[in-house]
>>> print(open('coords-v4.cif').read())   # mmCIF, C-alpha atoms
data_input
#
loop_
_atom_site.label_atom_id
_atom_site.label_comp_id
_atom_site.auth_asym_id
_atom_site.auth_seq_id
_atom_site.Cartn_x
_atom_site.Cartn_y
_atom_site.Cartn_z
CA GLN Q 819 9.50 -13.37 7.86
CA VAL Q 820 7.92 -11.81 4.79
CA GLN Q 821 9.79 -10.07 2.00
CA LEU Q 822 8.13 -7.34 -0.06
CA VAL Q 823 9.33 -5.83 -3.32
CA GLU Q 824 7.54 -2.85 -4.85
CA SER Q 825 7.63 -1.67 -8.45
CA GLY Q 826 5.69 0.52 -10.83
CA GLY Q 827 6.59 3.97 -9.62
CA GLY Q 828 7.56 6.75 -11.97
CA SER Q 829 6.94 10.31 -13.07
CA VAL Q 830 3.57 11.37 -14.44
CA GLN Q 831 1.69 14.58 -15.03
CA ALA Q 832 -1.26 15.59 -12.90
CA GLY Q 833 -4.37 13.70 -13.91
CA GLY Q 834 -2.41 10.66 -14.99
CA SER Q 835 -2.40 7.12 -13.64
CA LEU Q 836 0.06 4.59 -12.30
CA ARG Q 837 -0.25 1.06 -11.00
CA LEU Q 838 2.07 -0.05 -8.25
CA SER Q 839 2.84 -3.71 -7.61
CA CYS Q 840 4.18 -5.45 -4.54
CA VAL Q 841 5.39 -9.04 -4.78
CA ALA Q 842 5.41 -10.88 -1.48
CA SER Q 843 7.43 -13.95 -0.52
CA GLY Q 844 8.14 -15.92 2.61
CA TYR Q 845 5.55 -16.71 5.28
CA THR Q 846 2.83 -14.65 3.62
CA TYR Q 847 0.10 -16.87 5.08
CA THR Q 848 0.93 -15.49 8.53
CA ARG Q 849 -0.13 -11.96 7.53
CA VAL Q 850 -3.74 -10.76 7.68
CA CYS Q 851 -3.40 -7.10 6.79
CA TRP Q 852 -1.75 -5.73 3.68
CA GLY Q 853 -1.35 -2.12 2.78
CA TRP Q 854 0.18 0.76 0.94
CA PHE Q 855 1.78 3.69 2.68
CA ARG Q 856 3.59 6.79 1.49
CA GLN Q 857 6.09 9.27 2.78
CA ALA Q 858 6.83 12.65 1.28
CA PRO Q 859 10.03 14.55 2.11
CA GLY Q 860 9.80 16.15 5.52
CA LYS Q 861 6.53 14.42 6.35
CA GLU Q 862 5.55 11.39 8.39
CA ARG Q 863 4.69 8.11 6.73
CA GLU Q 864 0.94 7.85 6.20
CA GLY Q 865 -1.47 5.06 5.34
CA VAL Q 866 -2.93 5.13 1.85
CA ALA Q 867 -4.94 1.92 1.55
CA THR Q 868 -5.22 -1.41 3.34
CA MET Q 869 -6.83 -4.77 2.70
CA HIS Q 870 -7.84 -7.55 5.09
CA ILE Q 871 -7.42 -11.08 3.78
CA VAL Q 872 -10.80 -12.03 5.24
CA GLY Q 873 -13.41 -10.77 2.84
CA LEU Q 874 -10.82 -8.53 1.19
CA VAL Q 875 -12.23 -5.61 3.13
CA THR Q 876 -10.52 -2.39 2.16
CA ASN Q 877 -9.78 0.86 3.93
CA TYR Q 878 -8.63 4.12 2.32
CA GLY Q 879 -7.16 7.38 3.47
CA ASP Q 880 -9.45 10.35 2.96
CA SER Q 881 -7.10 12.02 0.50
CA VAL Q 882 -7.19 9.09 -1.94
CA LYS Q 883 -10.77 7.84 -1.68
CA GLY Q 884 -12.36 7.55 -5.09
CA ARG Q 885 -9.01 7.81 -6.88
CA PHE Q 886 -6.93 4.87 -5.62
CA THR Q 887 -7.86 1.19 -5.55
CA ILE Q 888 -6.08 -1.56 -3.67
CA SER Q 889 -6.34 -5.11 -4.97
CA GLN Q 890 -4.53 -8.42 -4.81
CA ASP Q 891 -3.80 -11.51 -6.88
CA ASN Q 892 -3.29 -14.50 -4.61
CA ALA Q 893 -1.97 -16.70 -7.39
CA LYS Q 894 0.84 -14.21 -8.00
CA ASN Q 895 1.36 -13.24 -4.35
CA THR Q 896 1.01 -9.66 -5.51
CA LEU Q 897 -0.64 -6.59 -4.04
CA TYR Q 898 -1.56 -3.70 -6.33
CA LEU Q 899 -2.37 -0.03 -5.98
CA GLN Q 900 -4.14 1.53 -8.95
CA MET Q 901 -3.73 5.29 -8.75
CA ASN Q 902 -5.90 7.49 -10.96
CA SER Q 903 -6.37 11.25 -11.19
CA LEU Q 904 -2.99 11.78 -9.64
CA LYS Q 905 -2.21 15.11 -8.02
CA PRO Q 906 1.13 16.78 -7.24
CA GLU Q 907 0.42 16.21 -3.54
CA ASP Q 908 0.51 12.45 -4.21
CA THR Q 909 4.24 12.75 -4.80
CA ALA Q 910 6.01 10.48 -2.31
CA MET Q 911 7.85 7.25 -1.78
CA TYR Q 912 5.28 4.49 -1.70
CA TYR Q 913 5.75 1.43 0.49
CA CYS Q 914 4.04 -1.92 0.66
CA ALA Q 915 3.54 -3.41 4.13
CA ALA Q 916 2.06 -6.42 5.90
CA ALA Q 917 0.84 -7.09 9.42
CA PRO Q 918 0.43 -10.40 11.29
CA PHE Q 919 -2.78 -9.30 12.98
CA ASP Q 920 -5.57 -6.77 12.68
CA TYR Q 921 -6.96 -4.41 15.26
CA GLY Q 922 -10.56 -4.90 16.20
CA GLY Q 923 -11.13 -6.88 13.03
CA ARG Q 924 -9.94 -4.06 10.79
CA CYS Q 925 -6.75 -3.23 8.96
CA HIS Q 926 -6.14 0.28 10.15
CA LEU Q 927 -4.02 2.82 8.33
CA GLY Q 928 -1.68 3.30 11.26
CA VAL Q 929 1.96 2.59 10.54
CA ALA Q 930 2.59 0.90 13.90
CA LEU Q 931 0.38 -2.08 13.05
CA TYR Q 932 2.64 -3.21 10.21
CA LYS Q 933 5.68 -5.40 10.69
CA ASP Q 934 7.00 -6.04 7.19
CA TRP Q 935 8.02 -3.30 4.77
CA GLY Q 936 9.34 -3.10 1.24
CA GLN Q 937 12.08 -0.78 0.06
CA GLY Q 938 9.66 1.63 -1.60
CA THR Q 939 9.00 2.95 -5.09
CA GLN Q 940 9.04 6.65 -5.96
CA VAL Q 941 6.00 8.37 -7.43
CA THR Q 942 6.40 11.91 -8.75
CA VAL Q 943 3.44 13.89 -10.06
CA SER Q 944 4.11 17.15 -11.86
CA SER Q 945 1.60 19.95 -12.37
#
>>> encode(input="coords-v4.cif", output="structure tokens")
Amino acid sequence: QVQLVESGGGSVQAGGSLRLSCVASGYTYTRVCWGWFRQAPGKEREGVATMHIVGLVTNYGDSVKGRFTISQDNAKNTLYLQMNSLKPEDTAMYYCAAAPFDYGGRCHLGVALYKDWGQGTQVTVSS
């Protein structure tokens, strides 16, 4: 069992930045894929960015490439999402997630792969 707690959400204007944090506890060593996902009202949850613990290989959704950066601090058991050049379409609830295995050696952006989820943190970007 892994517990995840997100923080760092808020309201910003378009073009601004936010950094989300996700503190993990429990059997974190059993998880190989870590990621950020988001869900806007009326839309399905989508993958934003993932990271594999082996080599810290990252994977990004097309809509956030070049603007968002996923990173981690092992000593603090914390996963981050640095979000720059925010757009109104980035408005959503953002969730941290972890998976006990990868798929073909990669941490895909598909929701189904992930077993553990945080409660979410709201990000609102105004134009």
>>> resolve_selection(input="coords-v4.cif", expression="the PyMOL selection byres ((chain Q and resi 822-830) around 10)", output="count of residues only")
45
>>> atom_distance(input="coords-v4.cif", atom1="atom CA of Q:Tyr878", atom2="atom CA of Q:His926")
9.1 Å
>>> closest_residue(input="coords-v4.cif", among="Q:Val866, Q:Thr876, Q:Ile871, Q:Ala930", to="Q:Asp891", atoms="all atoms listed in the file")
Q:Ile871
>>> resolve_selection(input="coords-v4.cif", expression="the PyMOL selection byres ((chain Q and resi 919) around 7)", output="short mmCIF file (atom, residue, chain, number, x, y, z; two decimals) with C-alpha atoms, in the coordinates of the input")
data_model
loop_
_atom_site.label_atom_id
_atom_site.label_comp_id
_atom_site.auth_asym_id
_atom_site.auth_seq_id
_atom_site.Cartn_x
_atom_site.Cartn_y
_atom_site.Cartn_z
CA ARG Q 849 -0.13 -11.96 7.53
CA VAL Q 850 -3.74 -10.76 7.68
CA CYS Q 851 -3.40 -7.10 6.79
CA ALA Q 917 0.84 -7.09 9.42
CA PRO Q 918 0.43 -10.40 11.29
CA ASP Q 920 -5.57 -6.77 12.68
CA TYR Q 921 -6.96 -4.41 15.26
#
>>> closest_residue(input="coords-v4.cif", among="Q:Ala893, Q:Tyr847, Q:Cys925, Q:Thr887", to="Q:Met869", atoms="only C-alpha atoms")
Q:Cys925
>>> atom_distance(input="coords-v4.cif", atom1="atom CA of Q:His870", atom2="atom CA of Q:Tyr932")
12.4 Å
>>> atom_distance(input="coords-v4.cif", atom1="atom CA of Q:Val872", atom2="atom CA of Q:Arg856")
24.0 Å
>>> closest_residue(input="coords-v4.cif", among="Q:Ala858, Q:Gly928, Q:Trp852, Q:Asn902", to="Q:Val882", atoms="only C-alpha atoms")
Q:Asn902
>>> residues_near_point(input="coords-v4.cif", point="(-9.4, -5.9, -1.9)", cutoff="7 Å", atoms="all atoms listed in the file", output="PDB file with C-alpha atoms, keeping the file's coordinate frame")
ATOM      1  CA  MET Q 869      -6.830  -4.770   2.700  1.00  0.00           C
ATOM      2  CA  LEU Q 874     -10.820  -8.530   1.190  1.00  0.00           C
ATOM      3  CA  VAL Q 875     -12.230  -5.610   3.130  1.00  0.00           C
ATOM      4  CA  THR Q 876     -10.520  -2.390   2.160  1.00  0.00           C
ATOM      5  CA  ILE Q 888      -6.080  -1.560  -3.670  1.00  0.00           C
ATOM      6  CA  SER Q 889      -6.340  -5.110  -4.970  1.00  0.00           C
ATOM      7  CA  GLN Q 890      -4.530  -8.420  -4.810  1.00  0.00           C
TER       8      GLN Q 890
END
>>> residues_near_point(input="coords-v4.cif", point="(-6.8, 5.4, -11.4)", cutoff="6 Å", atoms="all atoms listed in the file", output="list of chain:residue names")
Q:Ser835, Q:Arg885, Q:Phe886, Q:Gln900, Q:Met901, Q:Asn902, Q:Ser903
>>> residues_around(input="coords-v4.cif", residues="Q:Gly879", least_positions_apart="5", cutoff="8 Å", atoms="only C-alpha atoms", output="MDAnalysis selection string")
chainID Q and resid 865:867 927
